[in-house]
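Visitor: Structure file data18.cif (mmCIF, C-alpha atoms (C1' of nucleotides) and all ligand atoms) is given on the next line.
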```
data_structure
#
loop_
_atom_site.label_atom_id
_atom_site.label_comp_id
_atom_site.auth_asym_id
_atom_site.auth_seq_id
_atom_site.Cartn_x
_atom_site.Cartn_y
_atom_site.Cartn_z
CA MET U 27 -38.50 -13.29 13.33
CA ASN U 28 -35.56 -13.02 10.94
CA SER U 29 -32.69 -10.56 11.18
CA THR U 30 -34.12 -8.17 8.59
CA ALA U 31 -37.42 -7.97 10.43
CA LYS U 32 -35.61 -7.40 13.71
CA ASN U 33 -33.56 -4.59 12.23
CA CYS U 34 -36.69 -3.06 10.79
CA ALA U 35 -38.35 -3.18 14.16
CA ALA U 36 -35.32 -1.57 15.80
CA LEU U 37 -35.38 1.14 13.14
CA ALA U 38 -39.09 1.75 13.63
CA LYS U 39 -38.62 2.06 17.37
CA ARG U 40 -35.75 4.52 17.05
CA LEU U 41 -37.68 6.61 14.57
CA THR U 42 -40.94 6.74 16.51
CA ASP U 43 -39.00 7.46 19.69
CA SER U 44 -37.71 10.57 17.90
CA GLY U 45 -41.16 11.51 16.64
CA LEU U 46 -40.29 10.40 13.10
CA ARG U 47 -42.11 8.00 10.82
CA PRO U 48 -40.83 4.60 9.74
CA THR U 49 -41.22 5.05 5.98
CA PRO U 50 -40.46 2.49 3.25
CA GLN U 51 -37.65 4.75 2.00
CA ARG U 52 -35.97 4.90 5.39
CA GLU U 53 -36.35 1.15 5.78
CA VAL U 54 -34.85 0.26 2.42
CA VAL U 55 -31.93 2.67 2.84
CA PHE U 56 -31.17 1.18 6.23
CA LYS U 57 -31.51 -2.34 4.84
CA VAL U 58 -28.98 -1.87 2.05
CA ILE U 59 -26.48 -0.35 4.48
CA LEU U 60 -26.83 -3.41 6.71
CA GLU U 61 -26.77 -5.88 3.82
CA LYS U 62 -23.30 -5.15 2.50
CA ARG U 63 -21.22 -3.45 5.16
CA ASP U 64 -18.66 -2.01 2.79
CA HIS U 65 -19.04 1.65 3.78
CA PRO U 66 -20.92 2.74 0.66
CA THR U 67 -21.26 6.34 -0.44
CA ALA U 68 -24.62 8.06 -0.89
CA ASP U 69 -24.39 7.44 -4.64
CA GLU U 70 -23.67 3.75 -4.14
CA ILE U 71 -26.56 3.47 -1.69
CA PHE U 72 -28.78 5.26 -4.20
CA ALA U 73 -27.84 2.75 -6.90
CA ARG U 74 -28.48 -0.25 -4.63
CA VAL U 75 -31.76 1.12 -3.36
CA LYS U 76 -33.03 1.95 -6.84
CA SER U 77 -33.02 -1.73 -7.79
CA GLN U 78 -35.58 -2.37 -5.04
CA MET U 79 -37.38 0.95 -5.20
CA PRO U 80 -36.88 2.46 -8.66
CA THR U 81 -38.81 5.63 -7.89
CA ILE U 82 -36.69 6.81 -4.97
CA SER U 83 -34.75 10.02 -5.47
CA LEU U 84 -31.17 10.89 -4.52
CA ALA U 85 -32.45 13.72 -2.33
CA THR U 86 -34.48 11.19 -0.38
CA VAL U 87 -31.44 8.97 0.05
CA TYR U 88 -29.59 11.95 1.52
CA ASN U 89 -32.58 12.78 3.71
CA CYS U 90 -32.85 9.20 4.97
CA LEU U 91 -29.12 9.00 5.66
CA GLU U 92 -29.29 12.19 7.69
CA THR U 93 -32.17 10.77 9.67
CA LEU U 94 -30.40 7.47 10.30
CA VAL U 95 -27.30 9.31 11.48
CA GLN U 96 -29.35 11.52 13.79
CA CYS U 97 -31.06 8.45 15.25
CA GLY U 98 -27.65 6.94 15.93
CA LEU U 99 -28.19 3.89 13.71
CA VAL U 100 -25.57 4.78 11.15
CA ARG U 101 -22.27 6.57 11.35
CA GLN U 102 -20.74 8.90 8.78
CA VAL U 103 -17.18 8.16 7.77
CA ASN U 104 -15.17 10.96 6.19
CA LEU U 105 -11.77 10.08 4.79
CA GLU U 106 -9.78 12.89 3.26
CA ARG U 107 -12.10 14.77 0.94
CA ALA U 108 -13.71 11.73 -0.61
CA PRO U 109 -17.51 11.43 -0.61
CA THR U 110 -18.95 10.60 2.81
CA ARG U 111 -19.35 6.90 3.51
CA TYR U 112 -21.92 5.25 5.78
CA CYS U 113 -21.26 2.57 8.38
CA PRO U 114 -23.80 0.59 10.43
CA ASN U 115 -21.16 -0.72 12.89
CA LEU U 116 -22.14 0.88 16.17
CA HIS U 117 -19.16 -0.38 18.17
CA GLU U 118 -16.33 2.06 18.73
CA HIS U 119 -14.00 1.38 15.86
CA ALA U 120 -11.39 2.91 13.59
CA HIS U 121 -11.15 2.73 9.80
CA PHE U 122 -8.47 1.51 7.47
CA HIS U 123 -8.54 2.92 3.96
CA ASP U 124 -6.79 0.66 1.49
CA ASP U 125 -5.15 2.90 -1.08
CA ALA U 126 -4.77 0.08 -3.57
CA THR U 127 -8.38 -1.11 -3.67
CA GLY U 128 -10.25 1.85 -2.21
CA GLN U 129 -11.89 -0.48 0.28
CA VAL U 130 -12.58 0.69 3.82
CA HIS U 131 -12.20 -1.81 6.65
CA ASP U 132 -13.37 -1.63 10.25
CA ILE U 133 -10.65 -1.88 12.90
CA ASN U 134 -11.71 -2.81 16.39
CA LEU U 135 -10.77 -0.30 19.09
CA PRO U 136 -10.44 -1.60 22.66
CA ALA U 137 -12.11 0.62 25.24
CA ASP U 138 -8.87 1.18 27.12
CA THR U 139 -7.19 2.43 23.95
CA LEU U 140 -9.91 5.02 23.62
CA LYS U 141 -9.37 6.05 27.21
CA GLN U 142 -5.62 6.32 26.62
CA LEU U 143 -6.18 8.52 23.61
CA ARG U 144 -8.47 10.84 25.54
CA SER U 145 -5.84 11.05 28.26
CA LEU U 146 -3.50 12.70 25.74
CA LEU U 147 -5.69 15.79 25.80
CA PRO U 148 -4.48 18.68 27.98
CA PRO U 149 -6.72 19.70 30.90
CA GLY U 150 -9.76 21.61 29.73
CA PHE U 151 -10.11 19.68 26.48
CA ASP U 152 -13.24 17.55 26.54
CA ALA U 153 -13.66 15.32 23.50
CA SER U 154 -17.15 14.17 22.60
CA THR U 155 -15.84 12.14 19.66
CA VAL U 156 -12.53 10.53 18.74
CA GLU U 157 -11.88 9.61 15.14
CA LEU U 158 -9.03 7.37 14.12
CA ALA U 159 -8.25 6.50 10.52
CA PHE U 160 -5.41 4.57 8.95
CA ARG U 161 -4.41 4.73 5.34
CA GLY U 162 -2.14 2.29 3.56
CA SER U 163 -2.20 -0.99 1.72
CA LYS U 164 -3.36 -4.39 2.79
CA GLY U 165 -0.73 -6.88 1.65
CA SER U 166 -1.65 -10.51 1.07
CA ALA U 167 -1.15 -12.92 3.96
CA ARG U 168 1.59 -14.61 1.87
CA ALA U 169 3.49 -11.31 1.39
CA LYS U 170 3.10 -10.62 5.09
CA LEU U 171 4.59 -13.96 6.08
CA ALA U 172 7.63 -13.35 3.85
CA GLU U 173 7.99 -9.90 5.39
CA GLY U 174 7.89 -11.46 8.85
CA ARG U 175 10.62 -13.96 7.97
CA ALA U 176 12.82 -11.16 6.54
CA ALA U 177 12.39 -9.15 9.75
CA ALA U 178 13.33 -12.22 11.82
CA ARG U 179 16.50 -12.73 9.73
CA SER U 180 17.57 -9.08 9.96
CA GLY U 181 16.81 -9.08 13.69
CA ALA U 182 19.06 -12.15 14.13
CA ASN U 183 22.08 -10.38 12.50
CA MET C 7 19.75 35.44 9.97
CA ASN C 8 16.19 35.73 11.34
CA SER C 9 13.58 33.02 11.51
CA THR C 10 11.70 34.17 8.41
CA ALA C 11 14.87 34.13 6.33
CA LYS C 12 15.74 30.69 7.66
CA ASN C 13 12.30 29.35 6.77
CA CYS C 14 12.60 30.88 3.32
CA ALA C 15 15.95 29.20 2.84
CA ALA C 16 14.53 25.86 3.97
CA LEU C 17 11.65 26.32 1.56
CA ALA C 18 14.00 27.20 -1.31
CA LYS C 19 16.09 24.13 -0.62
CA ARG C 20 13.09 21.80 -0.53
CA LEU C 21 11.75 23.26 -3.73
CA THR C 22 14.99 23.18 -5.71
CA ASP C 23 15.65 19.66 -4.42
CA SER C 24 12.37 18.69 -6.08
CA GLY C 25 13.22 20.57 -9.28
CA LEU C 26 10.75 23.35 -8.45
CA ARG C 27 11.34 27.10 -8.30
CA PRO C 28 11.22 29.19 -5.15
CA THR C 29 8.74 31.80 -6.35
CA PRO C 30 7.51 34.87 -4.44
CA GLN C 31 4.02 33.34 -4.39
CA ARG C 32 5.23 30.10 -2.82
CA GLU C 33 7.27 32.02 -0.30
CA VAL C 34 4.48 34.30 0.81
CA VAL C 35 1.98 31.46 1.10
CA PHE C 36 4.41 29.49 3.24
CA LYS C 37 5.16 32.58 5.33
CA VAL C 38 1.53 33.29 6.26
CA ILE C 39 1.03 29.64 7.21
CA LEU C 40 4.00 29.83 9.55
CA GLU C 41 3.05 33.24 10.94
CA LYS C 42 -0.26 32.32 12.52
CA ARG C 43 -0.46 28.59 13.11
CA ASP C 44 -4.20 28.44 13.40
CA HIS C 45 -4.84 25.88 10.65
CA PRO C 46 -6.25 28.34 8.11
CA THR C 47 -8.28 27.30 5.09
CA ALA C 48 -7.25 28.10 1.52
CA ASP C 49 -9.65 31.06 1.53
CA GLU C 50 -8.20 32.41 4.75
CA ILE C 51 -4.69 32.02 3.42
CA PHE C 52 -5.76 33.78 0.23
CA ALA C 53 -7.10 36.73 2.24
CA ARG C 54 -3.93 37.00 4.35
CA VAL C 55 -1.64 36.71 1.36
CA LYS C 56 -3.54 39.30 -0.65
CA SER C 57 -2.66 42.01 1.86
CA GLN C 58 1.01 41.45 1.06
CA MET C 59 0.61 40.51 -2.60
CA PRO C 60 -2.67 41.95 -3.87
CA THR C 61 -2.32 40.46 -7.36
CA ILE C 62 -2.13 36.82 -6.33
CA SER C 63 -5.00 34.58 -7.42
CA LEU C 64 -6.88 31.93 -5.49
CA ALA C 65 -5.81 29.33 -8.06
CA THR C 66 -2.21 30.17 -7.28
CA VAL C 67 -2.83 29.79 -3.57
CA TYR C 68 -4.24 26.33 -4.25
CA ASN C 69 -1.27 25.54 -6.50
CA CYS C 70 1.23 26.70 -3.89
CA LEU C 71 -0.49 24.75 -1.15
CA GLU C 72 -0.38 21.60 -3.24
CA THR C 73 3.33 22.17 -3.84
CA LEU C 74 4.04 22.78 -0.15
CA VAL C 75 2.17 19.60 0.78
CA GLN C 76 4.06 17.57 -1.82
CA CYS C 77 7.36 18.93 -0.51
CA GLY C 78 6.38 17.83 2.98
CA LEU C 79 6.48 21.33 4.46
CA VAL C 80 2.79 21.59 5.18
CA ARG C 81 0.17 19.08 6.12
CA GLN C 82 -3.47 19.00 5.06
CA VAL C 83 -6.02 18.65 7.83
CA ASN C 84 -9.47 17.41 6.91
CA LEU C 85 -12.12 17.48 9.60
CA GLU C 86 -15.55 16.19 8.66
CA ARG C 87 -16.49 17.81 5.37
CA ALA C 88 -15.27 21.30 6.23
CA PRO C 89 -12.82 23.06 3.90
CA THR C 90 -9.30 21.65 4.08
CA ARG C 91 -7.01 23.34 6.60
CA TYR C 92 -3.25 23.67 6.43
CA CYS C 93 -0.76 23.01 9.21
CA PRO C 94 2.99 23.65 9.29
CA ASN C 95 3.57 21.50 12.39
CA LEU C 96 5.71 18.65 11.10
CA HIS C 97 5.76 16.65 14.31
CA GLU C 98 3.40 13.71 14.54
CA HIS C 99 0.33 15.17 16.14
CA ALA C 100 -3.43 14.89 16.43
CA HIS C 101 -6.06 17.61 16.11
CA PHE C 102 -8.75 18.85 18.42
CA HIS C 103 -11.65 20.65 16.79
CA ASP C 104 -13.43 22.94 19.22
CA ASP C 105 -17.11 22.87 18.31
CA ALA C 106 -17.82 26.08 20.20
CA THR C 107 -15.18 28.31 18.62
CA GLY C 108 -14.31 26.43 15.46
CA GLN C 109 -10.64 26.59 16.42
CA VAL C 110 -8.34 23.67 15.68
CA HIS C 111 -5.62 22.83 18.19
CA ASP C 112 -2.58 20.62 17.85
CA ILE C 113 -2.35 17.70 20.28
CA ASN C 114 1.03 16.13 20.80
CA LEU C 115 1.24 12.42 20.05
CA PRO C 116 3.96 10.39 21.77
CA ALA C 117 5.81 8.01 19.45
CA ASP C 118 4.85 4.98 21.54
CA THR C 119 1.17 5.90 21.27
CA LEU C 120 1.51 5.85 17.49
CA LYS C 121 3.19 2.45 17.68
CA GLN C 122 0.39 1.17 19.92
CA LEU C 123 -2.23 2.36 17.49
CA ARG C 124 -0.51 0.65 14.57
CA SER C 125 -0.36 -2.53 16.61
CA LEU C 126 -4.17 -2.60 16.60
CA LEU C 127 -4.11 -3.43 12.91
CA PRO C 128 -4.59 -7.09 11.98
CA PRO C 129 -1.69 -8.84 10.22
CA GLY C 130 -1.41 -7.74 6.60
CA PHE C 131 -2.57 -4.20 7.23
CA ASP C 132 0.28 -1.76 6.68
CA ALA C 133 -0.57 1.84 7.52
CA SER C 134 1.43 4.59 5.88
CA THR C 135 -0.49 7.27 7.75
CA VAL C 136 -2.46 7.44 10.98
CA GLU C 137 -4.88 10.28 11.51
CA LEU C 138 -6.39 11.06 14.87
CA ALA C 139 -8.90 13.82 15.45
CA PHE C 140 -10.90 14.81 18.49
CA ARG C 141 -14.00 16.93 18.48
CA GLY C 142 -15.54 18.61 21.49
CA SER C 143 -15.36 21.74 23.54
CA LYS C 144 -12.51 23.34 25.39
CA GLY C 145 -13.89 24.42 28.77
CA SER C 146 -12.21 27.19 30.71
CA ALA C 147 -9.57 26.19 33.26
CA ARG C 148 -11.96 27.44 35.97
CA ALA C 149 -14.79 25.17 34.77
CA LYS C 150 -12.33 22.32 34.57
CA LEU C 151 -11.23 22.77 38.17
CA ALA C 152 -14.84 22.74 39.37
CA GLU C 153 -15.43 19.59 37.34
CA GLY C 154 -12.42 17.97 38.97
CA ARG C 155 -13.69 18.81 42.45
CA ALA C 156 -17.15 17.41 41.65
CA ALA C 157 -15.57 14.18 40.40
CA ALA C 158 -13.48 13.92 43.59
CA ARG C 159 -16.61 14.38 45.74
CA SER C 160 -18.67 11.78 43.85
CA GLY C 161 -15.70 9.41 43.92
CA ALA C 162 -15.52 9.77 47.72
CA ASN C 163 -19.19 8.64 48.14
"C1'" DA J 6 -65.90 8.95 5.66
"C1'" DC J 7 -63.92 13.47 5.17
"C1'" DA J 8 -61.06 17.44 5.91
"C1'" DA J 9 -57.25 19.61 7.68
"C1'" DG J 10 -52.45 19.70 8.87
"C1'" DG J 11 -47.95 18.33 9.18
"C1'" DA J 12 -44.33 15.11 7.64
"C1'" DT J 13 -42.03 13.21 3.82
"C1'" DT J 14 -40.64 12.73 -0.80
"C1'" DT J 15 -39.33 14.46 -5.06
"C1'" DA J 16 -37.11 17.00 -9.10
"C1'" DG J 17 -34.41 20.26 -10.02
"C1'" DA J 18 -31.86 24.48 -8.84
"C1'" DA J 19 -28.28 26.37 -5.95
"C1'" DT J 20 -24.14 26.19 -3.33
"C1'" DT J 21 -19.31 25.70 -2.65
"C1'" DA J 22 -14.72 23.84 -2.26
"C1'" DT J 23 -11.77 22.42 -5.45
"C1'" DT J 24 -9.83 21.32 -10.00
"C1'" DC J 25 -9.26 22.17 -14.77
"C1'" DT J 26 -8.24 24.90 -19.01
"C1'" DA J 27 -5.94 27.80 -21.73
"C1'" DA J 28 -3.72 31.98 -22.25
"C1'" DA J 29 -0.25 35.28 -20.29
"C1'" DT J 30 4.02 35.88 -17.83
"C1'" DA J 31 8.43 34.93 -15.97
"C1'" DG J 32 12.78 32.85 -15.72
"C1'" DA J 33 16.44 29.68 -16.86
"C1'" DA J 34 19.40 27.76 -20.35
"C1'" DC J 35 21.59 27.91 -24.44
"C1'" DG G 3 18.48 37.46 -27.54
"C1'" DT G 4 15.83 33.37 -28.52
"C1'" DT G 5 13.81 29.25 -26.93
"C1'" DC G 6 11.90 26.35 -23.74
"C1'" DT G 7 9.64 25.30 -19.74
"C1'" DA G 8 7.62 26.42 -15.27
"C1'" DT G 9 4.43 29.21 -13.13
"C1'" DT G 10 0.66 32.22 -12.60
"C1'" DT G 11 -3.78 33.79 -13.65
"C1'" DA G 12 -8.90 34.35 -14.66
"C1'" DG G 13 -12.49 32.07 -15.44
"C1'" DA G 14 -15.00 27.82 -16.56
"C1'" DA G 15 -16.04 23.26 -15.03
"C1'" DT G 16 -16.83 19.67 -11.60
"C1'" DA G 17 -19.05 17.19 -8.07
"C1'" DA G 18 -20.86 16.29 -3.46
"C1'" DT G 19 -24.17 18.10 -0.90
"C1'" DT G 20 -27.92 21.18 0.43
"C1'" DC G 21 -31.83 23.93 -0.56
"C1'" DT G 22 -36.48 25.05 -2.51
"C1'" DA G 23 -40.94 24.47 -3.49
"C1'" DA G 24 -44.40 21.60 -5.10
"C1'" DA G 25 -46.56 16.98 -4.82
"C1'" DT G 26 -47.75 13.09 -2.00
"C1'" DC G 27 -48.56 10.61 2.06
"C1'" DC G 28 -50.29 9.79 6.90
"C1'" DT G 29 -52.25 10.90 11.04
"C1'" DT G 30 -55.61 13.03 13.62
"C1'" DG G 31 -59.95 15.22 14.63
"C1'" DT G 32 -64.58 15.83 13.38
MN MN U 201 -8.06 6.05 -2.13
MN MN U 202 -17.36 23.07 13.91
ZN ZN U 203 -16.98 1.38 10.00
ZN ZN U 204 -1.79 20.67 13.21
#
```
Now, as a test, write the supplied structure out as structure tokens.
Guide:
Amino acid sequence: MNSTAKNCAALAKRLTDSGLRPTPQREVVFKVILEKRDHPTADEIFARVKSQMPTISLATVYNCLETLVQCGLVRQVNLERAPTRYCPNLHEHAHFHDDATGQVHDINLPADTLKQLRSLLPPGFDASTVELAFRGSKGSARAKLAEGRAAARSGAN
Amino acid sequence: MNSTAKNCAALAKRLTDSGLRPTPQREVVFKVILEKRDHPTADEIFARVKSQMPTISLATVYNCLETLVQCGLVRQVNLERAPTRYCPNLHEHAHFHDDATGQVHDINLPADTLKQLRSLLPPGFDASTVELAFRGSKGSARAKLAEGRAAARSGAN
DNA sequence: ACAAGGATTTAGAATTATTCTAAATAGAAC
DNA sequence: GTTCTATTTAGAATAATTCTAAATCCTTGT
């Protein structure tokens, strides 16, 4: 059983567990989100799905996305007021929005960091979700090395 | 010199420093944001401002808000896909969105916490902004005390 | 097999926060 | 006072998302 089949099976289980049907549309939407984990928007997902299923409608893509989110298989990512993006990474993680390229990267969040953040809340505040987003630019590794050397020099002064 | 006059002077300075004019519209928009720091939306600000300046337009409110944000006097707060809210708290802080009441509360963020969060980024990632938002419910102090006692009991088992 | 009946999909209209456009107004500078 | 530019204003436009209502699909019961 390959990875796609396994994911499909997991999707089918989640859906039927919620009393929903595993339809071809839901499967193909989920598949394209898993295929290229670049946090696509609904429009981008629509475009990718259409190449495999030319008759699907944008409304259906929105409907499927809502279903996948409700089943807990996909997470919505809202950055500023840009169109909602969709992420199949189910681990607790933050997002880094690269201003230069527009790309969105996953940033791993250790469990203890999450706990620390929750501990900042005053008594009585009970957070069901914590969202952390960075915005900036992702320099090249080469630029970063040079930056590091400059910092070392200035620190040595 | 009272607080309102001081804020107006600060606003005028920021504006003229940026080559912009301190207009009555900009002043009144800034004033209502400072008056009730409840993270109002543009529509709410429009309603509050209209009572003092009935001829102002919504477009002007949006224009003034954009100006205030660019001058660094007000911060935009985007939570999920709800209308943008505006916050005059210039300290680094996070937001807590109370699902039950819809209220948005400021959460203080220690400087070292911010540094820790930035340190989660892989080399090459340079964040110009870090946004942290909690969502949940704010129980009453009474409920919170009971919760604490229950936790103590279960911990003692 | 056939007939409900409900779930899902679909196209297109509606919604809504925000931005844009272009004309009117206000104010500063000369 | 005239000119020049910034600002305000009303209304149109935009764009992501949601809604509506009809068509299609599937399951279930007979
Ligand atoms: Mn961007
Ligand atoms: Mn809410
Ligand atoms: Zn992600
Ligand atoms: Zn705030």
Visitor: Just want the residues within 10 Å of ligand ZN 204 (chain U), written as a PyMOL selection string, counting all atoms listed in the file.
Guide: chain C and resi 43-45+80-83+91-102+110-114
Visitor: For the residues selected in the previous step, produce a file with C-alpha atoms as a tab-separated table (two decimals), keeping the file's coordinate frame.
Guide:
```
chain	number	residue	atom	x	y	z
C	43	ARG	CA	-0.46	28.59	13.11
C	44	ASP	CA	-4.20	28.44	13.40
C	45	HIS	CA	-4.84	25.88	10.65
C	80	VAL	CA	2.79	21.59	5.18
C	81	ARG	CA	0.17	19.08	6.12
C	82	GLN	CA	-3.47	19.00	5.06
C	83	VAL	CA	-6.02	18.65	7.83
C	91	ARG	CA	-7.01	23.34	6.60
C	92	TYR	CA	-3.25	23.67	6.43
C	93	CYS	CA	-0.76	23.01	9.21
C	94	PRO	CA	2.99	23.65	9.29
C	95	ASN	CA	3.57	21.50	12.39
C	96	LEU	CA	5.71	18.65	11.10
C	97	HIS	CA	5.76	16.65	14.31
C	98	GLU	CA	3.40	13.71	14.54
C	99	HIS	CA	0.33	15.17	16.14
C	100	ALA	CA	-3.43	14.89	16.43
C	101	HIS	CA	-6.06	17.61	16.11
C	102	PHE	CA	-8.75	18.85	18.42
C	110	VAL	CA	-8.34	23.67	15.68
C	111	HIS	CA	-5.62	22.83	18.19
C	112	ASP	CA	-2.58	20.62	17.85
C	113	ILE	CA	-2.35	17.70	20.28
C	114	ASN	CA	1.03	16.13	20.80
```
Visitor: If I wrap all listed atoms of range 45-56 of chain C in a box with edges along x, y and z and add 3 Å on each side, what are its centre and edge lengths in Å to one decimal, as AutoDock Vina command-line options?
Guide:
```
--center_x -5.6 --center_y 32.6 --center_z 5.0 --size_x 14.0 --size_y 19.4 --size_z 17.3
```
Visitor: Output the neighbourhood of ligand MN 201 (chain U) as a list in words, that is, all protein and nucleic acid residues with some atom at most 10 Å from the ligand, counting only C-alpha atoms (C1' of nucleotides) and all ligand atoms.
Guide: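 I would give the residues around ligand MN 201 (chain U) as Leu105, Glu106, Ala108, His123, Asp124, Asp125, Ala126, Thr127, Gly128, Gln129, Val130, Arg161, Gly162 and Ser163 of chain U.
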Visitor: Since we have the selection now, will you write its residues out, keeping C-alpha atoms, as a short mmCIF file (atom, residue, chain, number, x, y, z; two decimals), in the frame of the given file?
Guide:
```cif
data_model
loop_
_atom_site.label_atom_id
_atom_site.label_comp_id
_atom_site.auth_asym_id
_atom_site.auth_seq_id
_atom_site.Cartn_x
_atom_site.Cartn_y
_atom_site.Cartn_z
CA LEU U 105 -11.77 10.08 4.79
CA GLU U 106 -9.78 12.89 3.26
CA ALA U 108 -13.71 11.73 -0.61
CA HIS U 123 -8.54 2.92 3.96
CA ASP U 124 -6.79 0.66 1.49
CA ASP U 125 -5.15 2.90 -1.08
CA ALA U 126 -4.77 0.08 -3.57
CA THR U 127 -8.38 -1.11 -3.67
CA GLY U 128 -10.25 1.85 -2.21
CA GLN U 129 -11.89 -0.48 0.28
CA VAL U 130 -12.58 0.69 3.82
CA ARG U 161 -4.41 4.73 5.34
CA GLY U 162 -2.14 2.29 3.56
CA SER U 163 -2.20 -0.99 1.72
#
```
Visitor: Quick check: residues of chain G within 10 Å of chain C, only C-alpha atoms (C1' of nucleotides), returned as number ranges by chain.
Guide: G: 8-12, 18-19
Visitor: Work out how far CA of Arg74 in chain U is from CA of Val58 in chain U, in Å to one decimal.
Guide: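 These atoms are spaced 6.9 Å apart.
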Visitor: Mind giving me the straight-line distance from CA of Thr110 in chain U to CA of Pro66 in chain U in Å, one decimal?
Guide: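 Spanning CA of Thr110 in chain U to CA of Pro66 in chain U is a straight-line distance of 8.4 Å.
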Visitor: Quick check: residues of chain U within 7 Å of chain C, all atoms listed in the file, returned as a list in words.
Guide: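 On the chain U side, the interface is Asn104, Glu106, Arg107, Ile133, Leu147, Gly150, Phe151, Asp152, Ala153, Ser154, Thr155, Val156, Glu157, Leu158, Ala159, Phe160, Arg161, Gly162, Ser163, Lys164, Gly165, Ser166, Ala167 and Lys170 of chain U.
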Visitor: For the contact check between chain J and chain U, emit one row per residue of chain J within 10 Å, containing the shortest atom pair and the distance in Å rounded to one decimal, counting all atoms listed in the file, chain then rising number order, as CSV.
Guide:
```
residue,atom,partner,partner_atom,distance
J:DA12,C1',U:Arg47,CA,8.1
J:DT13,C1',U:Thr49,CA,8.5
J:DT14,C1',U:Thr86,CA,6.4
J:DT15,C1',U:Ser83,CA,6.4
J:DA16,C1',U:Ser83,CA,8.2
J:DA22,C1',U:Arg107,CA,10.0
J:DT23,C1',U:Arg107,CA,10.0
```
Visitor: Quick one, how far is C1' of DC21 in chain G from CA of Glu92 in chain U?
Guide: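 Atom-to-atom, C1' of DC21 in chain G and CA of Glu92 in chain U are spaced 14.6 Å apart.
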Visitor: Quick one: everything within 9 Å of DC25 in chain J, counting all atoms listed in the file, minus sequence neighbours fewer than 6 positions away in the same chain. Send it as a ChimeraX atom specification.
Guide: /G:14-16
Visitor: Missing atoms in range 52-66 of chain C should be modelled up to N, CA and C atoms and reported as an mmCIF file, in the coordinates of the input.
Guide:
```cif
data_model
loop_
_atom_site.group_PDB
_atom_site.id
_atom_site.type_symbol
_atom_site.label_atom_id
_atom_site.label_comp_id
_atom_site.auth_asym_id
_atom_site.auth_seq_id
_atom_site.Cartn_x
_atom_site.Cartn_y
_atom_site.Cartn_z
ATOM 1 N N PHE C 52 -5.622 32.846 1.356
ATOM 2 C CA PHE C 52 -5.760 33.780 0.230
ATOM 3 C C PHE C 52 -5.940 35.200 0.736
ATOM 4 N N ALA C 53 -6.829 35.384 1.702
ATOM 5 C CA ALA C 53 -7.100 36.730 2.240
ATOM 6 C C ALA C 53 -5.838 37.312 2.889
ATOM 7 N N ARG C 54 -5.126 36.501 3.665
ATOM 8 C CA ARG C 54 -3.930 37.000 4.350
ATOM 9 C C ARG C 54 -2.829 37.315 3.358
ATOM 10 N N VAL C 55 -2.705 36.511 2.346
ATOM 11 C CA VAL C 55 -1.640 36.710 1.360
ATOM 12 C C VAL C 55 -1.921 37.946 0.511
ATOM 13 N N LYS C 56 -3.182 38.173 0.204
ATOM 14 C CA LYS C 56 -3.540 39.300 -0.650
ATOM 15 C C LYS C 56 -3.089 40.628 -0.071
ATOM 16 N N SER C 57 -3.056 40.737 1.263
ATOM 17 C CA SER C 57 -2.660 42.010 1.860
ATOM 18 C C SER C 57 -1.176 42.291 1.582
ATOM 19 N N GLN C 58 -0.417 41.235 1.364
ATOM 20 C CA GLN C 58 1.010 41.450 1.060
ATOM 21 C C GLN C 58 1.268 41.409 -0.436
ATOM 22 N N MET C 59 0.414 40.707 -1.166
ATOM 23 C CA MET C 59 0.610 40.510 -2.600
ATOM 24 C C MET C 59 -0.769 40.569 -3.251
ATOM 25 N N PRO C 60 -1.262 41.788 -3.480
ATOM 26 C CA PRO C 60 -2.670 41.950 -3.870
ATOM 27 C C PRO C 60 -3.022 41.315 -5.216
ATOM 28 N N THR C 61 -2.024 40.971 -6.018
ATOM 29 C CA THR C 61 -2.320 40.460 -7.360
ATOM 30 C C THR C 61 -2.409 38.942 -7.413
ATOM 31 N N ILE C 62 -2.112 38.291 -6.303
ATOM 32 C CA ILE C 62 -2.130 36.820 -6.330
ATOM 33 C C ILE C 62 -3.550 36.313 -6.539
ATOM 34 N N SER C 63 -3.670 35.158 -7.157
ATOM 35 C CA SER C 63 -5.000 34.580 -7.420
ATOM 36 C C SER C 63 -5.242 33.392 -6.503
ATOM 37 N N LEU C 64 -6.529 33.070 -6.337
ATOM 38 C CA LEU C 64 -6.880 31.930 -5.490
ATOM 39 C C LEU C 64 -6.333 30.641 -6.094
ATOM 40 N N ALA C 65 -6.354 30.541 -7.417
ATOM 41 C CA ALA C 65 -5.810 29.330 -8.060
ATOM 42 C C ALA C 65 -4.355 29.155 -7.692
ATOM 43 N N THR C 66 -3.626 30.252 -7.645
ATOM 44 C CA THR C 66 -2.210 30.170 -7.280
ATOM 45 C C THR C 66 -2.055 29.727 -5.828
#
```
